[in-house]
Every structure is written in C-alpha cells, then in structure tokens.
file start-v1.cif (mmCIF, C-alpha atoms)
data_coords
loop_
_atom_site.group_PDB
_atom_site.id
_atom_site.type_symbol
_atom_site.label_atom_id
_atom_site.label_comp_id
_atom_site.auth_asym_id
_atom_site.auth_seq_id
_atom_site.Cartn_x
_atom_site.Cartn_y
_atom_site.Cartn_z
ATOM 1 C CA MET T 201 -34.744 91.105 -102.736
ATOM 2 C CA ALA T 202 -31.415 92.654 -101.703
ATOM 3 C CA SER T 203 -31.793 91.169 -98.241
ATOM 4 C CA GLU T 204 -32.615 87.762 -99.755
ATOM 5 C CA ASP T 205 -29.480 87.954 -101.894
ATOM 6 C CA LYS T 206 -27.432 88.791 -98.834
ATOM 7 C CA PHE T 207 -28.994 85.927 -96.912
ATOM 8 C CA LEU T 208 -28.174 83.495 -99.708
ATOM 9 C CA GLN T 209 -24.603 84.781 -99.935
ATOM 10 C CA ASP T 210 -24.185 84.329 -96.188
ATOM 11 C CA ALA T 211 -25.636 80.834 -96.367
ATOM 12 C CA LYS T 212 -23.263 79.939 -99.188
ATOM 13 C CA ARG T 213 -20.350 81.337 -97.201
ATOM 14 C CA ALA T 214 -21.302 79.216 -94.194
ATOM 15 C CA LEU T 215 -21.497 76.099 -96.371
ATOM 16 C CA ASP T 216 -18.125 76.893 -97.949
ATOM 17 C CA ALA T 217 -16.661 77.183 -94.464
ATOM 18 C CA ALA T 218 -18.147 73.793 -93.538
ATOM 19 C CA GLU T 219 -16.451 72.263 -96.564
ATOM 20 C CA LYS T 220 -13.110 73.873 -95.791
ATOM 21 C CA ASN T 221 -13.190 72.949 -92.125
ATOM 22 C CA LEU T 222 -13.791 69.229 -92.457
ATOM 23 C CA ASP T 223 -11.568 67.365 -90.027
ATOM 24 C CA ALA T 224 -8.538 65.432 -91.200
ATOM 25 C CA GLY T 225 -10.143 62.081 -90.492
ATOM 26 C CA THR T 226 -13.103 62.860 -92.711
ATOM 27 C CA VAL T 227 -10.870 64.128 -95.514
ATOM 28 C CA ALA T 228 -8.709 60.999 -95.353
ATOM 29 C CA ARG T 229 -11.762 58.765 -95.390
ATOM 30 C CA LEU T 230 -13.145 60.573 -98.436
ATOM 31 C CA ARG T 231 -9.819 60.226 -100.221
ATOM 32 C CA ALA T 232 -9.733 56.502 -99.515
ATOM 33 C CA ALA T 233 -13.331 56.136 -100.704
ATOM 34 C CA ARG T 234 -12.492 57.936 -103.949
ATOM 35 C CA ARG T 235 -9.554 55.652 -104.679
ATOM 36 C CA GLN T 236 -11.561 52.587 -103.847
ATOM 37 C CA ALA T 237 -14.369 53.762 -106.119
ATOM 38 C CA ILE T 238 -11.963 54.224 -109.009
ATOM 39 C CA GLU T 239 -10.289 50.882 -108.447
ATOM 40 C CA GLN T 240 -13.579 49.014 -108.063
ATOM 41 C CA GLY T 241 -14.949 50.868 -111.048
ATOM 42 C CA LEU T 242 -12.191 49.312 -113.150
ATOM 43 C CA HIS T 243 -13.507 45.881 -112.247
ATOM 44 C CA LYS T 244 -17.025 46.467 -113.315
ATOM 45 C CA PRO T 245 -19.196 43.333 -113.625
ATOM 46 C CA ALA T 246 -20.293 41.948 -116.982
ATOM 47 C CA ARG T 247 -22.641 44.296 -118.700
ATOM 48 C CA VAL T 248 -26.275 43.300 -118.433
ATOM 49 C CA ARG T 249 -27.715 42.668 -121.883
ATOM 50 C CA PRO T 250 -30.774 44.642 -122.907
ATOM 51 C CA GLY T 251 -34.092 42.806 -122.493
ATOM 52 C CA TRP T 252 -34.750 42.451 -126.186
ATOM 53 C CA LEU T 253 -31.586 40.395 -126.565
ATOM 54 C CA LEU T 254 -32.686 37.815 -124.012
ATOM 55 C CA PRO T 255 -34.828 35.652 -126.398
ATOM 56 C CA VAL T 256 -32.065 35.827 -128.989
ATOM 57 C CA GLY T 257 -29.530 34.877 -126.380
ATOM 58 C CA GLY T 258 -31.827 32.115 -125.159
ATOM 59 C CA PHE T 259 -32.137 30.569 -128.609
ATOM 60 C CA ALA T 260 -28.430 30.836 -129.143
ATOM 61 C CA THR T 261 -27.746 29.185 -125.810
ATOM 62 C CA ALA T 262 -30.208 26.394 -126.542
ATOM 63 C CA GLY T 263 -28.612 25.818 -129.923
ATOM 64 C CA ILE T 264 -25.173 25.627 -128.418
ATOM 65 C CA ALA T 265 -26.403 23.252 -125.728
ATOM 66 C CA LEU T 266 -27.924 20.952 -128.365
ATOM 67 C CA ALA T 267 -24.741 21.018 -130.386
ATOM 68 C CA VAL T 268 -22.650 20.124 -127.355
ATOM 69 C CA ALA T 269 -25.056 17.357 -126.383
ATOM 70 C CA GLY T 270 -24.897 15.925 -129.900
ATOM 71 C CA LEU T 271 -21.144 16.155 -129.895
ATOM 72 C CA LEU T 272 -20.967 14.262 -126.629
ATOM 73 C CA TRP T 273 -23.515 11.712 -127.805
ATOM 74 C CA PHE T 274 -21.712 10.905 -131.046
ATOM 75 C CA SER T 275 -18.169 11.368 -129.821
ATOM 76 C CA ALA T 276 -16.095 8.921 -127.790
ATOM 77 C CA PRO T 277 -14.335 10.781 -125.033
ATOM 78 C CA ASN T 278 -13.288 7.501 -123.359
ATOM 79 C CA GLY T 279 -13.727 3.752 -123.724
ATOM 80 C CA ASN T 280 -15.906 3.375 -120.654
ATOM 81 C CA PHE T 281 -18.439 5.827 -121.961
ATOM 82 C CA MET T 282 -18.484 4.056 -125.337
ATOM 83 C CA GLN T 283 -18.800 0.701 -123.642
ATOM 84 C CA ALA T 284 -21.775 1.901 -121.600
ATOM 85 C CA GLY T 285 -23.376 3.207 -124.779
ATOM 86 C CA VAL T 286 -22.922 -0.092 -126.598
ATOM 87 C CA GLY T 287 -24.285 -1.959 -123.580
ATOM 88 C CA ASP T 288 -27.424 0.168 -123.660
ATOM 89 C CA ILE T 289 -27.926 -0.563 -127.326
ATOM 90 C CA GLU T 290 -27.576 -4.291 -126.669
ATOM 91 C CA LEU T 291 -30.140 -3.989 -123.932
ATOM 92 C CA LEU T 292 -32.595 -2.258 -126.144
ATOM 93 C CA THR T 293 -32.208 -4.743 -129.006
ATOM 94 C CA ALA T 294 -32.078 -7.944 -126.955
ATOM 95 C CA GLN T 295 -34.700 -10.678 -127.524
ATOM 96 C CA GLU T 296 -34.952 -11.690 -123.885
ATOM 97 C CA ASN T 297 -37.781 -10.785 -121.580
ATOM 98 C CA PRO T 298 -37.030 -7.379 -120.021
ATOM 99 C CA ASP T 299 -37.544 -8.888 -116.587
ATOM 100 C CA PHE T 300 -34.471 -10.962 -117.245
ATOM 101 C CA PHE T 301 -32.329 -7.872 -117.113
ATOM 102 C CA THR T 302 -33.821 -6.632 -113.869
ATOM 103 C CA GLU T 303 -32.872 -9.978 -112.309
ATOM 104 C CA LEU T 304 -29.484 -10.078 -113.985
ATOM 105 C CA GLU T 305 -27.539 -9.224 -110.872
ATOM 106 C CA PHE T 306 -29.206 -12.102 -109.028
ATOM 107 C CA TYR T 307 -28.413 -14.542 -111.806
ATOM 108 C CA GLU T 308 -24.807 -13.485 -111.831
ATOM 109 C CA TRP T 309 -24.573 -14.043 -108.114
ATOM 110 C CA LEU T 310 -26.273 -17.392 -108.458
ATOM 111 C CA GLU T 311 -23.818 -18.456 -111.113
ATOM 112 C CA GLY T 312 -20.964 -17.406 -108.916
ATOM 113 C CA SER T 313 -22.357 -19.412 -106.008
ATOM 114 C CA GLU T 314 -22.817 -22.520 -108.148
ATOM 115 C CA ASN T 315 -19.259 -22.251 -109.411
ATOM 116 C CA ALA T 316 -18.015 -21.984 -105.869
ATOM 117 C CA VAL T 317 -19.876 -25.073 -104.940
ATOM 118 C CA MET C 292 -7.810 73.217 -92.032
ATOM 119 C CA ALA C 293 -7.183 69.729 -93.240
ATOM 120 C CA ASP C 294 -5.219 69.646 -96.500
ATOM 121 C CA ASP C 295 -5.295 66.849 -98.976
ATOM 122 C CA THR C 296 -1.524 66.790 -99.434
ATOM 123 C CA ALA C 297 -0.936 63.089 -99.881
ATOM 124 C CA PRO C 298 0.864 62.331 -103.145
ATOM 125 C CA THR C 299 -1.244 60.946 -105.949
ATOM 126 C CA PRO C 300 -0.636 57.201 -106.046
ATOM 127 C CA ALA C 301 0.263 55.273 -109.145
ATOM 128 C CA TRP C 302 -2.739 53.799 -110.877
ATOM 129 C CA PRO C 303 -3.739 50.372 -109.540
ATOM 130 C CA ALA C 304 -2.044 47.504 -111.345
ATOM 131 C CA VAL C 305 -4.327 45.691 -113.738
ATOM 132 C CA ASN C 306 -3.224 42.074 -113.823
ATOM 133 C CA HIS C 307 -6.252 40.544 -115.437
ATOM 134 C CA ILE C 308 -8.274 41.063 -118.569
ATOM 135 C CA TYR C 309 -9.313 44.674 -118.295
ATOM 136 C CA GLU C 310 -12.987 45.281 -118.969
ATOM 137 C CA GLY C 311 -13.515 48.756 -117.568
ATOM 138 C CA PRO C 312 -13.566 52.207 -119.122
ATOM 139 C CA ALA C 313 -10.669 53.477 -121.190
ATOM 140 C CA LEU C 314 -7.706 54.337 -119.013
ATOM 141 C CA GLU C 315 -7.226 57.825 -120.444
ATOM 142 C CA PRO C 316 -10.107 59.560 -118.550
ATOM 143 C CA LEU C 317 -9.077 58.114 -115.184
ATOM 144 C CA PRO C 318 -6.772 60.962 -114.100
ATOM 145 C CA ALA C 319 -9.473 63.460 -115.060
ATOM 146 C CA LEU C 320 -12.050 61.387 -113.209
ATOM 147 C CA ASP C 321 -9.881 61.333 -110.119
ATOM 148 C CA ARG C 322 -9.470 65.105 -110.302
ATOM 149 C CA PHE C 323 -13.197 65.575 -110.735
ATOM 150 C CA LEU C 324 -14.080 63.377 -107.770
ATOM 151 C CA ALA C 325 -11.421 65.050 -105.629
ATOM 152 C CA GLY C 326 -13.103 68.347 -106.421
ATOM 153 C CA VAL C 327 -16.603 67.293 -105.446
ATOM 154 C CA GLU C 328 -16.134 64.791 -102.638
ATOM 155 C CA ARG C 329 -16.099 67.271 -99.762
ATOM 156 C CA ARG C 330 -19.153 69.190 -100.898
ATOM 157 C CA ALA C 331 -20.937 65.936 -101.594
ATOM 158 C CA PHE C 332 -20.124 64.787 -98.075
ATOM 159 C CA VAL C 333 -21.405 68.006 -96.492
ATOM 160 C CA MET C 334 -24.587 67.731 -98.546
ATOM 161 C CA ALA C 335 -25.126 64.094 -97.591
ATOM 162 C CA ARG C 336 -24.383 64.791 -93.946
ATOM 163 C CA LEU C 337 -26.908 67.603 -93.857
ATOM 164 C CA ALA C 338 -29.484 65.320 -95.436
ATOM 165 C CA THR C 339 -28.872 62.332 -93.173
ATOM 166 C CA GLY C 340 -27.586 63.922 -89.977
ATOM 167 C CA ASN C 341 -25.075 61.103 -89.777
ATOM 168 C CA ALA C 342 -21.442 61.146 -90.915
ATOM 169 C CA ASP C 343 -21.177 57.377 -91.483
ATOM 170 C CA ASP C 344 -24.260 57.279 -93.649
ATOM 171 C CA ALA C 345 -22.994 60.320 -95.500
ATOM 172 C CA HIS C 346 -19.704 58.544 -96.250
ATOM 173 C CA ASP C 347 -21.538 55.486 -97.553
ATOM 174 C CA ILE C 348 -23.718 57.622 -99.792
ATOM 175 C CA VAL C 349 -20.799 59.561 -101.241
ATOM 176 C CA GLN C 350 -18.756 56.442 -101.879
ATOM 177 C CA ASP C 351 -21.687 54.754 -103.571
ATOM 178 C CA ALA C 352 -22.254 57.793 -105.775
ATOM 179 C CA MET C 353 -18.585 57.899 -106.768
ATOM 180 C CA LEU C 354 -18.543 54.196 -107.569
ATOM 181 C CA THR C 355 -21.676 54.520 -109.690
ATOM 182 C CA LEU C 356 -20.179 57.408 -111.623
ATOM 183 C CA VAL C 357 -16.959 55.494 -112.326
ATOM 184 C CA ARG C 358 -18.697 52.260 -113.228
ATOM 185 C CA SER C 359 -21.527 53.597 -115.320
ATOM 186 C CA TYR C 360 -20.561 57.020 -116.626
ATOM 187 C CA ALA C 361 -16.795 57.277 -116.847
ATOM 188 C CA SER C 362 -16.957 56.907 -120.613
ATOM 189 C CA ARG C 363 -19.242 59.925 -120.925
ATOM 190 C CA GLY C 364 -17.832 63.347 -121.664
ATOM 191 C CA GLU C 365 -16.141 65.177 -118.824
ATOM 192 C CA GLN C 366 -18.704 67.975 -118.992
ATOM 193 C CA GLU C 367 -21.433 65.454 -118.148
ATOM 194 C CA TRP C 368 -19.823 64.153 -114.981
ATOM 195 C CA GLY C 369 -21.011 67.033 -112.774
ATOM 196 C CA PRO C 370 -24.742 66.778 -113.556
ATOM 197 C CA LEU C 371 -24.563 62.979 -113.542
ATOM 198 C CA PHE C 372 -22.813 62.867 -110.200
ATOM 199 C CA HIS C 373 -25.360 65.200 -108.638
ATOM 200 C CA THR C 374 -28.207 63.128 -110.024
ATOM 201 C CA VAL C 375 -26.738 59.950 -108.577
ATOM 202 C CA LEU C 376 -25.932 61.605 -105.246
ATOM 203 C CA GLN C 377 -29.439 63.013 -104.804
ATOM 204 C CA SER C 378 -30.920 59.684 -105.776
ATOM 205 C CA ARG C 379 -28.865 57.917 -103.113
ATOM 206 C CA ILE C 380 -29.897 60.509 -100.533
ATOM 207 C CA ALA C 381 -33.548 59.988 -101.450
ATOM 208 C CA ASP C 382 -33.065 56.206 -101.138
ATOM 209 C CA TRP C 383 -31.573 56.717 -97.681
ATOM 210 C CA HIS C 384 -34.565 58.777 -96.638
ATOM 211 C CA ARG C 385 -37.010 56.127 -97.824
ATOM 212 C CA ARG C 386 -35.142 53.411 -95.910
ATOM 213 C CA SER C 387 -34.912 55.660 -92.877
ATOM 214 C CA LYS C 388 -38.688 56.134 -92.854
ATOM 215 C CA VAL C 389 -39.194 52.373 -92.873
ATOM 216 C CA ARG C 390 -36.646 51.911 -90.082
ATOM 217 C CA ASN C 391 -38.282 54.572 -87.946
ATOM 218 C CA ARG C 392 -41.676 53.043 -88.486
ATOM 219 C CA LEU C 393 -40.374 49.676 -87.330
ATOM 220 C CA ARG C 394 -38.859 51.284 -84.278
ATOM 221 C CA VAL C 395 -42.205 52.795 -83.364
ATOM 222 C CA TRP C 396 -44.000 49.487 -83.891
ATOM 223 C CA PHE C 397 -41.554 47.628 -81.705
ATOM 224 C CA GLY C 398 -41.705 50.291 -79.039
ATOM 225 C CA LYS C 399 -38.096 51.431 -79.314
ATOM 226 C CA ARG C 400 -37.354 55.073 -78.982
ATOM 227 C CA GLY C 401 -35.555 56.559 -81.914
ATOM 228 C CA GLU C 402 -31.906 56.375 -81.012
ATOM 229 C CA ASP C 403 -30.096 59.590 -81.193
ATOM 230 C CA ASP C 404 -27.570 58.510 -83.772
ATOM 231 C CA GLU C 405 -27.323 61.897 -85.312
ATOM 232 C CA ASP C 406 -24.028 63.594 -85.039
ATOM 233 C CA ASP C 407 -23.812 66.803 -83.121
ATOM 234 C CA PRO C 408 -23.040 69.268 -85.910
ATOM 235 C CA LEU C 409 -20.640 71.151 -83.679
ATOM 236 C CA GLN C 410 -18.515 68.013 -83.246
ATOM 237 C CA ASN C 411 -17.888 67.843 -86.969
ATOM 238 C CA ILE C 412 -16.694 71.380 -87.273
ATOM 239 C CA ALA C 413 -12.925 71.401 -87.007
ATOM 240 C CA ASP C 414 -11.175 74.398 -85.625
ATOM 241 C CA GLY C 415 -10.464 76.727 -88.477
ATOM 242 C CA ARG C 416 -7.329 78.736 -88.820
ATOM 243 C CA SER C 417 -9.051 82.007 -88.277
ATOM 244 C CA PRO C 418 -6.817 84.143 -86.056
ATOM 245 C CA ASP C 419 -9.921 85.801 -84.643
ATOM 246 C CA PRO C 420 -11.610 83.570 -82.059
ATOM 247 C CA PRO C 421 -14.851 85.565 -82.033
ATOM 248 C CA THR C 422 -15.085 85.206 -85.835
ATOM 249 C CA GLN C 423 -14.317 81.521 -85.563
ATOM 250 C CA LEU C 424 -16.978 81.079 -82.948
ATOM 251 C CA LYS C 425 -19.467 83.048 -85.012
ATOM 252 C CA ASP C 426 -18.730 80.855 -88.063
ATOM 253 C CA LYS C 427 -19.220 77.738 -85.972
ATOM 254 C CA GLU C 428 -22.459 78.994 -84.562
ATOM 255 C CA ALA C 429 -23.681 80.088 -87.972
ATOM 256 C CA MET C 430 -22.841 76.722 -89.489
ATOM 257 C CA ALA C 431 -24.449 74.839 -86.641
ATOM 258 C CA ALA C 432 -27.583 76.918 -86.958
ATOM 259 C CA LEU C 433 -27.609 76.470 -90.735
ATOM 260 C CA GLU C 434 -27.112 72.711 -90.456
ATOM 261 C CA SER C 435 -29.883 72.457 -87.946
ATOM 262 C CA ALA C 436 -32.265 74.516 -90.042
ATOM 263 C CA ILE C 437 -31.474 72.728 -93.314
ATOM 264 C CA GLY C 438 -31.762 69.391 -91.563
ATOM 265 C CA LYS C 439 -35.297 70.233 -90.578
ATOM 266 C CA LEU C 440 -36.382 71.017 -94.129
ATOM 267 C CA PRO C 441 -38.295 68.381 -96.080
ATOM 268 C CA LEU C 442 -35.878 66.479 -98.325
ATOM 269 C CA ARG C 443 -37.018 68.028 -101.588
ATOM 270 C CA GLN C 444 -36.633 71.547 -100.225
ATOM 271 C CA GLN C 445 -33.188 70.664 -98.899
ATOM 272 C CA GLN C 446 -32.112 69.323 -102.250
ATOM 273 C CA ALA C 447 -33.447 72.282 -104.202
ATOM 274 C CA PHE C 448 -31.788 74.760 -101.862
ATOM 275 C CA MET C 449 -28.390 73.056 -101.801
ATOM 276 C CA LEU C 450 -28.215 72.483 -105.533
ATOM 277 C CA ARG C 451 -29.365 75.983 -106.453
ATOM 278 C CA VAL C 452 -27.551 77.995 -103.819
ATOM 279 C CA TRP C 453 -24.416 76.012 -103.109
ATOM 280 C CA GLU C 454 -23.759 74.131 -106.318
ATOM 281 C CA GLY C 455 -25.015 76.999 -108.445
ATOM 282 C CA LEU C 456 -27.123 74.797 -110.692
ATOM 283 C CA ASP C 457 -29.830 76.501 -112.696
ATOM 284 C CA VAL C 458 -33.467 75.420 -112.511
ATOM 285 C CA ALA C 459 -33.215 73.002 -115.441
ATOM 286 C CA GLN C 460 -30.067 71.338 -114.118
ATOM 287 C CA THR C 461 -31.571 71.085 -110.645
ATOM 288 C CA ALA C 462 -34.728 69.514 -112.067
ATOM 289 C CA ARG C 463 -32.623 66.851 -113.811
ATOM 290 C CA ALA C 464 -30.624 66.140 -110.676
ATOM 291 C CA MET C 465 -33.781 65.878 -108.577
ATOM 292 C CA ASN C 466 -35.709 64.008 -111.258
ATOM 293 C CA CYS C 467 -38.635 66.374 -111.071
ATOM 294 C CA SER C 468 -40.157 69.216 -113.063
ATOM 295 C CA GLU C 469 -38.762 72.734 -113.195
ATOM 296 C CA GLY C 470 -41.963 74.002 -111.608
ATOM 297 C CA SER C 471 -41.424 71.669 -108.656
ATOM 298 C CA VAL C 472 -37.863 72.920 -108.275
ATOM 299 C CA LYS C 473 -39.058 76.499 -108.121
ATOM 300 C CA THR C 474 -41.690 75.643 -105.542
ATOM 301 C CA HIS C 475 -39.355 73.654 -103.322
ATOM 302 C CA TYR C 476 -36.639 76.285 -103.578
ATOM 303 C CA SER C 477 -38.956 79.149 -102.760
ATOM 304 C CA ARG C 478 -40.350 77.366 -99.704
ATOM 305 C CA ALA C 479 -36.864 76.441 -98.515
ATOM 306 C CA VAL C 480 -35.563 79.980 -98.733
ATOM 307 C CA HIS C 481 -38.602 81.313 -96.929
ATOM 308 C CA ALA C 482 -38.316 78.760 -94.109
ATOM 309 C CA LEU C 483 -34.580 79.237 -93.663
ATOM 310 C CA ARG C 484 -34.768 83.004 -93.612
ATOM 311 C CA GLU C 485 -37.329 82.840 -90.884
ATOM 312 C CA GLN C 486 -35.080 80.674 -88.755
ATOM 313 C CA LEU C 487 -31.677 82.135 -89.549
ATOM 314 C CA GLU C 488 -31.989 85.881 -89.950
ATOM 315 C CA ASP C 489 -30.322 86.405 -86.586
ATOM 316 C CA HIS C 490 -27.467 83.988 -87.276
ATOM 317 C CA LEU C 491 -26.438 84.839 -90.808
#

call {"tool": "encode", "arguments": {"input": "start-v1.cif", "output": "structure tokens"}}
result
Amino acid sequence: MASEDKFLQDAKRALDAAEKNLDAGTVARLRAARRQAIEQGLHKPARVRPGWLLPVGGFATAGIALAVAGLLWFSAPNGNFMQAGVGDIELLTAQENPDFFTELEFYEWLEGSENAV
Amino acid sequence: MADDTAPTPAWPAVNHIYEGPALEPLPALDRFLAGVERRAFVMARLATGNADDAHDIVQDAMLTLVRSYASRGEQEWGPLFHTVLQSRIADWHRRSKVRNRLRVWFGKRGEDDEDDPLQNIADGRSPDPPTQLKDKEAMAALESAIGKLPLRQQQAFMLRVWEGLDVAQTARAMNCSEGSVKTHYSRAVHALREQLEDHL
C-alpha cells in the first residue's frame, strides 16, 4: 500500500507539473475562453418553460389570438379595410344570382366599352 | 512557466435588458473558472488526445456553468463544473467512436490528429536540465498511459487522484454508482502502475 501511495503521489506531481507548464498560447486561449463564457452567459436565451406549462401556455396563446382576431374584426384600423368589410356584407346579402358577381368584372368592362362607343 | 498576469478587465457593458444571473457572483465565478481552467484543459486533453478538442470542451463546460448554474451557491460550482466537464468528455468520446466507424467504412485510415504530448510540454524553469527532462518524460509516459485507459477508468482516476474528490463526489460527477467508481478506479491504478513503475 505504501508503494501505491507513492505511485499516486508521483502521478499527482506529474499532473501538477503538466498544469504549471502549459505554454503561453494555451493559457491565453483559456483566458479568452473564460471571458467569452462569462460574457455569453450573461446573454442567456429565454428560459424554456417546463413541459406541464405548455398546455396552459397553449390555451393562453389561443385565447390571446382569438381576442386579437376579434379586435381586428370589430375595429376599423383604416377606411379601406372597413370598405372591404362592408362590400363583403353587401355581397352576402345581395338578391342577385351569385354568378352575376363572378362575371362582374366582365360587365364593368362591357359597360366601359359601350360608353366609349 | 506561463503566468496569467493580464489585468482583470472591466465587466462587459450591458446595454440591453439584462436577463442573466445576478451580477454580484460574477467576480467570484471568474475567480473560480480561472482556478479550474488549466486542470480542466489537461484533463480534457488527456481524454481526447487533441488540444483543439480539449479547448472546445473546456469552453463549453464553462459556458454551461455560467448559463445554468451561476445562481447556485459557490460551494456547488466545483462539483457541478466537474459533472459538466466529464459529460462533455463522454459526449466527445461517443462522437469520436461514430467518426472512427465512418472512417473505417469509407476506407480512410484514422488520421493522426493527436497531439504529440511532448510538444505541449513547455520548458519549465527548472534549473536542473536532467530533472526537467525527467519531468517531461514522466509526464509524456503518464499522458500516454492515461490516454490508453478506457474513458471511465480515466475519469475515475483523474477525479479521485488529481482533483481529490471522494467516491461519492466522483460518482456524481461521472453519473454512476459509487461501486462503479471504486471498480473503475481500482482497475485504472492497477493498469497505470504496471505501465509506469519505471517512470514515476
């Protein structure tokens, strides 16, 4: 056992020497890596939520999405949007044959041609 | 001997919404990492046989400690850092096995990308050239012998003998049972003694 202890002490001494005798380039590179690790560690990414929070988060997200959609649907951010909405309502409530509206562009062109003539 | 005499820089400016750990432990964290980085590098280099890979492993371990464990108590940093470091070394070994297998399949010879251990030993300041030479030879022989050990035996030996961790601490760092640590350690010591009795 005494010889094993001596062997282990000698091995430790050799490893200590290896640590002390690292070349300057290696030491500088380690120092730079340490500083980079600390700086990058300050900018850690957003914490990942635990798995059990995901359904809760999902419901919350869906609720928020519905609220935003409703807000957009019932709000009037600009006249054009409102105008398009009114136009759709007119389309849906019109008495004409739906085919009429698919041909509407043609009829408008035709009217323009007749006026030109 | 290379000295780390560069002045400590001012802390990096934080010019955005800060979301990291509290700033108070950062000087202590820097001191801790400065105290372990060289030994961690030697350990990783012995495990990988490659200085570049060893640098990557050490940097990754430091970053993980800062990002994930900086808010823990200072007394926990040592065991946590060793656990992360050994985990990264084990990951490297697994990837290395896959790479070597691919090399064999595609008929390439394994490239000798291992550093010559003697090249990484800087000249010490020992005034006695024979002693210096003996140290170099002893270290080279030790590196070679440890490098040949199976990974688990390497880890057990380095953590128990060099880091001075007890069996329980070593088991946590290696993510194995205390019985396994004892087995790996015993086999490592036996194998190394057989190879190194004449050198050490």

call {"tool": "resolve_selection", "arguments": {"input": "start-v1.cif", "expression": "the PyMOL selection byres ((chain T) within 7 of (chain C))", "output": "ChimeraX atom specification"}}
result
/T:207-208,210-212,214,218-224,230,233-234,237-239,241-244

call {"tool": "atom_distance", "arguments": {"input": "start-v1.cif", "atom1": "CA of Gly326 in chain C", "atom2": "CA of Arg443 in chain C"}}
result
24.4 Å

call {"tool": "atom_distance", "arguments": {"input": "start-v1.cif", "atom1": "CA of Leu450 in chain C", "atom2": "CA of Val389 in chain C"}}
result
26.2 Å

call {"tool": "atom_distance", "arguments": {"input": "start-v1.cif", "atom1": "CA of Val472 in chain C", "atom2": "CA of Gln460 in chain C"}}
result
9.9 Å
